[in-house]
Amino acid sequence: MIGRLNHVAIAVKDLEKSTSLYRDTLGAKVSSPQAEPAHGVTVVFIELPNTKIELLAPLGENSPIAKFLEKNPDGGMHHICYEVEDIIAARDRLKATGARVLGDGEPKIGAHGKPVLFLHPKDFNGTLVELEQV
Ligand code: CO
């Protein structure tokens, strides 16, 4: 059911510093910062030959990654995103096996303008999983 690894998201406190790390130290192609007020984050996309890295920094007061950064002050891997062809079919299949879909269970439009869902980390080896319909 799952397809390609779409991206790995890393939560960071200092977006400029982390962008510079990828651009200047690691020599990667990085995007300009993109504010996503609906998701409470500012995102920088790093293009790798086979996938993407997303740097997520908190935006606004109730950012969903604020708590994560409190627990992980140096930043850390926040989630991984797998591609699916049909997000509703994927959701229904997961729910039928008892996996927990976060939020109200309805796909939202993610940072790439495509429908996404998040799955509970306790059901996936301690890793927050995002599904994106491509
Ligand atoms: Co993501």
# chains A, B, ... in the order shown; residues from 1 in each chain; ligands from 1
call {"tool": "residues_near_ligand", "arguments": {"ligand": "ligand 1", "cutoff": "7 Å", "atoms": "only C-alpha atoms and all ligand atoms", "output": "short mmCIF file (atom, residue, chain, number, x, y, z; two decimals) with C-alpha atoms, in the first residue's frame"}}
result
data_model
loop_
_atom_site.label_atom_id
_atom_site.label_comp_id
_atom_site.auth_asym_id
_atom_site.auth_seq_id
_atom_site.Cartn_x
_atom_site.Cartn_y
_atom_site.Cartn_z
CA HIS A 7 10.19 13.19 3.01
CA VAL A 8 11.72 13.05 6.45
CA ALA A 9 10.77 16.02 8.63
CA GLU A 54 11.75 19.18 5.55
CA HIS A 79 8.00 12.41 11.23
CA ILE A 80 8.42 10.45 8.05
CA CYS A 81 6.08 10.73 5.10
CA GLU A 130 2.43 11.05 7.58
#
call {"tool": "select_by_dssp", "arguments": {"residues": "chain A", "states": "strand (DSSP E)", "output": "PyMOL selection string"}}
result
chain A and resi 5-11+29-30+34-36+41-47+52-58+76-84+108-109+115-119+128-133
call {"tool": "closest_residue", "arguments": {"among": "A:Leu102, A:Ile88, A:Leu59, A:Val30", "to": "Ile46 in chain A", "atoms": "only C-alpha atoms"}}
result
A:Val30
call {"tool": "residues_around", "arguments": {"residues": "range 71-75 of chain A", "least_positions_apart": "2", "cutoff": "8 Å", "atoms": "only C-alpha atoms", "output": "list in words"}}
result
Ile10, Ala11, Val12, Lys13, Lys67, Phe68, Leu69 and Met77 of chain A
call {"tool": "residues_around", "arguments": {"residues": "Val101 in chain A", "least_positions_apart": "6", "cutoff": "7 Å", "atoms": "only C-alpha atoms", "output": "MDAnalysis selection string"}}
result
chainID A and resid 118:120
call {"tool": "write_last_selection", "arguments": {"atoms": "C-alpha atoms", "output": "PDB file, in the first residue's frame"}}
result
ATOM      1  CA  PHE A 118      -0.979  11.500  10.382  1.00  0.00           C
ATOM      2  CA  LEU A 119      -0.839   8.163  12.205  1.00  0.00           C
ATOM      3  CA  HIS A 120      -0.237   7.701  15.913  1.00  0.00           C
TER       4      HIS A 120
END
call {"tool": "closest_residue", "arguments": {"among": "A:Ile87, A:Leu128, A:Val44, A:Met1", "to": "Leu15 in chain A", "atoms": "only C-alpha atoms"}}
result
A:Val44
call {"tool": "atom_distance", "arguments": {"atom1": "CA of Ile53 in chain A", "atom2": "CA of Asp92 in chain A"}}
result
27.7 Å
call {"tool": "closest_residue", "arguments": {"among": "A:Glu83, A:Pro49, A:Val116, A:Ala111", "to": "Glu36 in chain A", "atoms": "only C-alpha atoms"}}
result
A:Ala111
call {"tool": "select_by_dssp", "arguments": {"residues": "chain A", "states": "helix (DSSP H, G or I)", "output": "ChimeraX atom specification"}}
result
/A:15-25,37-39,66-71,87-96,121-123
call {"tool": "closest_residue", "arguments": {"among": "A:Pro37, A:Pro58, A:Ala99, A:Pro107", "to": "Glu70 in chain A", "atoms": "only C-alpha atoms"}}
result
A:Pro58
call {"tool": "closest_residue", "arguments": {"among": "A:Arg4, A:Thr42, A:Leu48, A:Ser31", "to": "Val134 in chain A", "atoms": "only C-alpha atoms"}}
result
A:Arg4
call {"tool": "closest_residue", "arguments": {"among": "A:Gln133, A:Asp24, A:Leu94, A:Gly126", "to": "Gly113 in chain A", "atoms": "only C-alpha atoms"}}
result
A:Gln133
call {"tool": "atom_distance", "arguments": {"atom1": "CA of Val41 in chain A", "atom2": "CA of Ile2 in chain A"}}
result
25.5 Å
call {"tool": "atom_distance", "arguments": {"atom1": "CA of Leu131 in chain A", "atom2": "CA of Tyr82 in chain A"}}
result
5.1 Å
call {"tool": "decode", "arguments": {"residues": "range 65-78 of chain A", "atoms": "N, CA, C and O atoms", "output": "PDB file, in the first residue's frame"}}
result
ATOM      1  N   ILE A  65       4.652  21.706  17.023  1.00  0.00           N
ATOM      2  CA  ILE A  65       5.990  21.165  17.278  1.00  0.00           C
ATOM      3  C   ILE A  65       6.673  21.825  18.477  1.00  0.00           C
ATOM      4  O   ILE A  65       7.792  21.484  18.825  1.00  0.00           O
ATOM      5  N   ALA A  66       5.961  22.763  19.135  1.00  0.00           N
ATOM      6  CA  ALA A  66       6.568  23.452  20.277  1.00  0.00           C
ATOM      7  C   ALA A  66       6.932  22.467  21.389  1.00  0.00           C
ATOM      8  O   ALA A  66       8.027  22.519  21.955  1.00  0.00           O
ATOM      9  N   LYS A  67       6.010  21.566  21.693  1.00  0.00           N
ATOM     10  CA  LYS A  67       6.243  20.591  22.768  1.00  0.00           C
ATOM     11  C   LYS A  67       7.400  19.672  22.421  1.00  0.00           C
ATOM     12  O   LYS A  67       8.222  19.325  23.261  1.00  0.00           O
ATOM     13  N   PHE A  68       7.416  19.240  21.175  1.00  0.00           N
ATOM     14  CA  PHE A  68       8.482  18.353  20.698  1.00  0.00           C
ATOM     15  C   PHE A  68       9.844  19.013  20.915  1.00  0.00           C
ATOM     16  O   PHE A  68      10.794  18.375  21.358  1.00  0.00           O
ATOM     17  N   LEU A  69       9.935  20.314  20.611  1.00  0.00           N
ATOM     18  CA  LEU A  69      11.213  21.012  20.757  1.00  0.00           C
ATOM     19  C   LEU A  69      11.571  21.263  22.223  1.00  0.00           C
ATOM     20  O   LEU A  69      12.744  21.386  22.556  1.00  0.00           O
ATOM     21  N   GLU A  70      10.540  21.311  23.072  1.00  0.00           N
ATOM     22  CA  GLU A  70      10.821  21.403  24.504  1.00  0.00           C
ATOM     23  C   GLU A  70      11.522  20.132  24.972  1.00  0.00           C
ATOM     24  O   GLU A  70      12.471  20.171  25.746  1.00  0.00           O
ATOM     25  N   LYS A  71      11.029  19.000  24.465  1.00  0.00           N
ATOM     26  CA  LYS A  71      11.609  17.702  24.842  1.00  0.00           C
ATOM     27  C   LYS A  71      12.914  17.433  24.127  1.00  0.00           C
ATOM     28  O   LYS A  71      13.741  16.649  24.588  1.00  0.00           O
ATOM     29  N   ASN A  72      13.070  18.019  22.944  1.00  0.00           N
ATOM     30  CA  ASN A  72      14.263  17.794  22.118  1.00  0.00           C
ATOM     31  C   ASN A  72      14.879  19.142  21.759  1.00  0.00           C
ATOM     32  O   ASN A  72      14.746  19.617  20.631  1.00  0.00           O
ATOM     33  N   PRO A  73      15.567  19.748  22.713  1.00  0.00           N
ATOM     34  CA  PRO A  73      16.046  21.128  22.494  1.00  0.00           C
ATOM     35  C   PRO A  73      17.043  21.265  21.344  1.00  0.00           C
ATOM     36  O   PRO A  73      17.210  22.362  20.810  1.00  0.00           O
ATOM     37  N   ASP A  74      17.704  20.179  20.953  1.00  0.00           N
ATOM     38  CA  ASP A  74      18.620  20.261  19.813  1.00  0.00           C
ATOM     39  C   ASP A  74      17.899  20.031  18.489  1.00  0.00           C
ATOM     40  O   ASP A  74      18.532  19.980  17.431  1.00  0.00           O
ATOM     41  N   GLY A  75      16.579  19.847  18.543  1.00  0.00           N
ATOM     42  CA  GLY A  75      15.836  19.450  17.358  1.00  0.00           C
ATOM     43  C   GLY A  75      15.848  17.936  17.247  1.00  0.00           C
ATOM     44  O   GLY A  75      16.457  17.244  18.068  1.00  0.00           O
ATOM     45  N   GLY A  76      15.156  17.412  16.242  1.00  0.00           N
ATOM     46  CA  GLY A  76      15.147  15.960  16.078  1.00  0.00           C
ATOM     47  C   GLY A  76      14.195  15.536  14.994  1.00  0.00           C
ATOM     48  O   GLY A  76      13.423  16.348  14.464  1.00  0.00           O
ATOM     49  N   MET A  77      14.265  14.246  14.647  1.00  0.00           N
ATOM     50  CA  MET A  77      13.376  13.738  13.607  1.00  0.00           C
ATOM     51  C   MET A  77      11.941  13.779  14.104  1.00  0.00           C
ATOM     52  O   MET A  77      11.642  13.230  15.160  1.00  0.00           O
ATOM     53  N   HIS A  78      11.077  14.436  13.368  1.00  0.00           N
ATOM     54  CA  HIS A  78       9.701  14.635  13.811  1.00  0.00           C
ATOM     55  C   HIS A  78       8.745  13.634  13.180  1.00  0.00           C
ATOM     56  O   HIS A  78       7.893  13.067  13.841  1.00  0.00           O
TER      57      HIS A  78
END
